[in-house]
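Visitor: Quick one: the structure is below, questions incoming.
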Amino acid sequence: MNVLVALKRVVDAEVSVRPTADGSAVDTANVRMAMNPFDEVALEEAVRWKEHALATEVVVVSCGPSACQDTLRTALAFGADRAVLVQADADLQPLAVAKLLKAVAEREGSGIIVCGKQAIDDDSGQTGQMLAALLGWSQAVAAAKVELGGDGALVTQEIDGGAEVLQLPLPFVLTVDLHLNHPRYPSLPNVLKAKKRPVEVLLPADLGVDVAPRLATVRIAEAPRRRGGGRVADVSELLSKLRDEARVIP
């Protein structure tokens with residue numbers, strides 16, 4: 001069974017980001033980039049399925065600029081079999097990515113698609129659900145445990161206040177949470193080998209997908225700095241500030 005893993009190249013989680021001067025986007029110039037942490041978990045899970053003979057092939061796909069090849073080669077070092085880049089220099093929104101992944105999945109004959117539940121750059125958390133709807137496949141989101149076997153999988157997904165267990169028939173789309181596993185570190189020999197392995201490059205036009213944006217970003221701004229604390233003379237003044245300034249007392 002072919003498993004397709006969607007990966008996104010994002011700003012490294014340890015980097016502090018700032019908006020551009022005009023507030024139209026996040027400034028990524030000379031910023032360290034990395035694989036989205038949630039997608040790392042998705043890749044690790046798919047590679048484990050292959051190691052346990054539950055999957056025959058793991059194909060990784062990324063949608064974005066040519067620099068995404070670095071992320072795909074990292075995935076090859078993790079243990080993926082093949083890599084596909086859908087190259088697009090424009091800013092891709094969740095619906096466009098879902099349409100591209102649908103086209104790649106149909107082209108590859110994938111039975112399972114795995115991706116992170118969200119990306120740490122925009123936190124949209126939409127692509128997996130849109131993809132499942134476009135394909136008409138069953139889905140589970142924020143998966144914390146997956147038992148794959150037979151004609152489907154038993155998935156424990158996190159919900160508000162607890163967990164929910166779903167029985168998913170094949171084919172299905174799975175978005176994963178960080179609690180699912182602990183991704184491995186690729187070995188140095190695998191990293192060196194991955195640098196020489198080919199990455200198939202496609203264009204959205206090759207897949208018949210229009211990636212024109214449907215939403216416009218109005219403005220991006222830094223969060224306001226937290227103000228320092230202060231002193232109050234008595235309880236009456238404290239209650240007054242809680243009511244009038246903090247507004248925690250009705």
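Residues are named by chain letter and number: chains run A, B, ... in the order of the structure tokens, numbers start at 1 in each chain, and ligands are numbered from 1 in the order shown.
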Segment 111-191 of chain A near segment 41-46 of chain A within 6 Å: what's each residue's closest atom pair and its distance in Å to one decimal, counting only C-alpha atoms, ordered by chain then ascending residue number, as CSV?
Guide:
```
residue,atom,partner,partner_atom,distance
A:Val114,CA,A:Ala42,CA,5.8
A:Cys115,CA,A:Ala42,CA,5.4
A:Gly116,CA,A:Ala42,CA,5.9
A:Pro183,CA,A:Glu44,CA,5.4
```
Visitor: Write out, as a Markdown table, each residue of segment 37-107 of chain A that has an atom at most 12 Å from segment 214-226 of chain A, together with the closest pair of atoms and their distance in Å to one decimal, counting only C-alpha atoms, rows going by chain and rising number.
Guide:
```
| residue | atom | partner | partner_atom | distance |
| --- | --- | --- | --- | --- |
| A:Asp91 | CA | A:Ala216 | CA | 10.6 |
| A:Leu92 | CA | A:Arg214 | CA | 9.9 |
| A:Gln93 | CA | A:Arg214 | CA | 7.9 |
| A:Pro94 | CA | A:Arg214 | CA | 10.1 |
| A:Leu95 | CA | A:Arg214 | CA | 8.8 |
| A:Ala96 | CA | A:Arg214 | CA | 9.1 |
```
Visitor: Export N, CA and C atoms of the chosen residues as a PDB file, in the first residue's frame?
Guide:
```pdb
ATOM      1  N   ASP A  91       2.184  32.293  -2.776  1.00  0.00           N
ATOM      2  CA  ASP A  91       1.767  31.851  -1.441  1.00  0.00           C
ATOM      3  C   ASP A  91       0.572  30.914  -1.582  1.00  0.00           C
ATOM      4  N   LEU A  92       0.730  29.666  -1.152  1.00  0.00           N
ATOM      5  CA  LEU A  92      -0.318  28.671  -1.315  1.00  0.00           C
ATOM      6  C   LEU A  92      -1.212  28.632  -0.082  1.00  0.00           C
ATOM      7  N   GLN A  93      -2.503  28.736  -0.294  1.00  0.00           N
ATOM      8  CA  GLN A  93      -3.465  28.680   0.791  1.00  0.00           C
ATOM      9  C   GLN A  93      -3.979  27.252   0.973  1.00  0.00           C
ATOM     10  N   PRO A  94      -4.580  26.931   2.118  1.00  0.00           N
ATOM     11  CA  PRO A  94      -4.959  25.544   2.424  1.00  0.00           C
ATOM     12  C   PRO A  94      -5.768  24.847   1.342  1.00  0.00           C
ATOM     13  N   LEU A  95      -6.744  25.526   0.762  1.00  0.00           N
ATOM     14  CA  LEU A  95      -7.568  24.884  -0.266  1.00  0.00           C
ATOM     15  C   LEU A  95      -6.740  24.524  -1.491  1.00  0.00           C
ATOM     16  N   ALA A  96      -5.839  25.412  -1.896  1.00  0.00           N
ATOM     17  CA  ALA A  96      -4.981  25.128  -3.049  1.00  0.00           C
ATOM     18  C   ALA A  96      -4.082  23.926  -2.763  1.00  0.00           C
TER      19      ALA A  96
END
```
Visitor: Check the smallest atom-to-atom distance from each of A:Ile113, A:Ala144, A:Met33, A:Val199 to Pro171 of chain A using only C-alpha atoms, then report the winner.
Guide: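 Ranking A:Ile113, A:Ala144, A:Met33, A:Val199 by distance to Pro171 of chain A, first place goes to A:Ile113.
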Visitor: To one decimal place in Å, what is the distance between atom CA of Ala153 of chain A and atom CA of Glu57 of chain A?
Guide: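 Rounded to one decimal, the two atoms are 17.4 Å apart.
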Visitor: Mind the document's chain letters and residue numbers, and return as number ranges by chain the residues of segment 51-207 of chain A that DSSP labels strand (DSSP E or B).
Guide: A: 57-64, 82-87, 112-116, 138-149, 152-159, 162-169, 172-176, 200-202
Visitor: Can you tell me, as an MDAnalysis selection string, what residues are no more than 12 Å from Val15 of chain A when counting only C-alpha atoms, ignoring any on the same chain fewer than 4 positions away?
Guide: chainID A and resid 10:11 27:28 30:34 120:121
Visitor: Extract the full set of alpha helix (DSSP H) residues from segment 10-68 of chain A according to DSSP on the backbone, and format it as a list in words.
Guide: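 Written out, the alpha helix (DSSP H) residues of segment 10-68 of chain A are Pro37, Phe38, Asp39, Glu40, Val41, Ala42, Leu43, Glu44, Glu45, Ala46, Val47, Arg48, Trp49, Lys50, Glu51 and Cys68 of chain A.
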Visitor: Generate a file of the selected residues that holds C-alpha atoms, formatted as a PDB file, in the first residue's frame.
Guide:
```pdb
ATOM      1  CA  PRO A  37       7.178  19.540  13.539  1.00  0.00           C
ATOM      2  CA  PHE A  38       3.708  18.009  13.142  1.00  0.00           C
ATOM      3  CA  ASP A  39       4.708  16.733   9.693  1.00  0.00           C
ATOM      4  CA  GLU A  40       7.827  15.126  11.171  1.00  0.00           C
ATOM      5  CA  VAL A  41       5.535  13.053  13.375  1.00  0.00           C
ATOM      6  CA  ALA A  42       3.436  12.098  10.331  1.00  0.00           C
ATOM      7  CA  LEU A  43       6.544  10.999   8.444  1.00  0.00           C
ATOM      8  CA  GLU A  44       7.843   8.963  11.377  1.00  0.00           C
ATOM      9  CA  GLU A  45       4.533   7.123  11.642  1.00  0.00           C
ATOM     10  CA  ALA A  46       4.484   6.293   7.929  1.00  0.00           C
ATOM     11  CA  VAL A  47       8.084   5.044   7.997  1.00  0.00           C
ATOM     12  CA  ARG A  48       7.246   2.806  10.975  1.00  0.00           C
ATOM     13  CA  TRP A  49       4.347   1.310   9.012  1.00  0.00           C
ATOM     14  CA  LYS A  50       6.743   0.421   6.225  1.00  0.00           C
ATOM     15  CA  GLU A  51       9.264  -1.067   8.668  1.00  0.00           C
ATOM     16  CA  CYS A  68      11.367  22.824  -0.334  1.00  0.00           C
TER      17      CYS A  68
END
```
Visitor: Set the distance at 7 Å and use only C-alpha atoms: which residues neighbour Glu200 of chain A once local chain neighbours fewer than 6 positions away are removed? I'd like the list as a PDB file with C-alpha atoms, in the first residue's frame.
Guide:
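Output saved as out_19.pdb:
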```pdb
ATOM      1  CA  ALA A  83       9.914  12.628  -3.045  1.00  0.00           C
ATOM      2  CA  VAL A  84       7.668  14.887  -5.125  1.00  0.00           C
ATOM      3  CA  LEU A  85       7.806  18.685  -5.185  1.00  0.00           C
TER       4      LEU A  85
END
```
Visitor: Measuring atom to atom with only C-alpha atoms, identify which of A:Asp234, A:Asp244, A:Asp160, A:Asp177 is nearest to Val141 of chain A.
Guide: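 Closest candidate: A:Asp177.
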Visitor: Rank nothing, just name the residue among A:Gly150, A:Lys99, A:Lys145, A:Glu164 nearest to Ala55 of chain A, using only C-alpha atoms.
Guide: A:Gly150
Visitor: Rank nothing, just name the residue among A:Val173, A:Gly109, A:Gly152, A:Ile159 nearest to Ala140 of chain A, using only C-alpha atoms.
Guide: A:Val173
Visitor: Calculated over only C-alpha atoms, which of the candidates A:Val104, A:Leu238, A:Ala143, A:Met35 has the smallest distance to Val61 of chain A?
Guide: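 Answer, going by the shortest atom-to-atom distance: A:Val104.
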Visitor: Would you mind listing what lies within 10 Å of Leu207 of chain A as a VMD selection string, with only C-alpha atoms counted and same-chain residues fewer than 2 positions away left out?
Guide: chain A and resid 86 99 to 104 107 202 to 205 209 to 210
Visitor: Please provide the set of residues having any atom within 10 Å of Trp137 of chain A, restricted to only C-alpha atoms, with same-chain residues fewer than 6 positions apart removed, written as a PyMOL selection string.
Guide: chain A and resi 111-113+129+131+168-173
Visitor: If you measure from atom CA of Lys196 of chain A to atom CA of Asp89 of chain A, what distance in Å do you get, rounded to one decimal?
Guide: 23.9 Å
Visitor: Nearest to Gln157 of chain A among A:Asn36, A:Gln139, A:Thr71, A:Ser62, with distances taken over only C-alpha atoms: which residue is it?
Guide: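 Closest to Gln157 of chain A of all the choices is A:Gln139.
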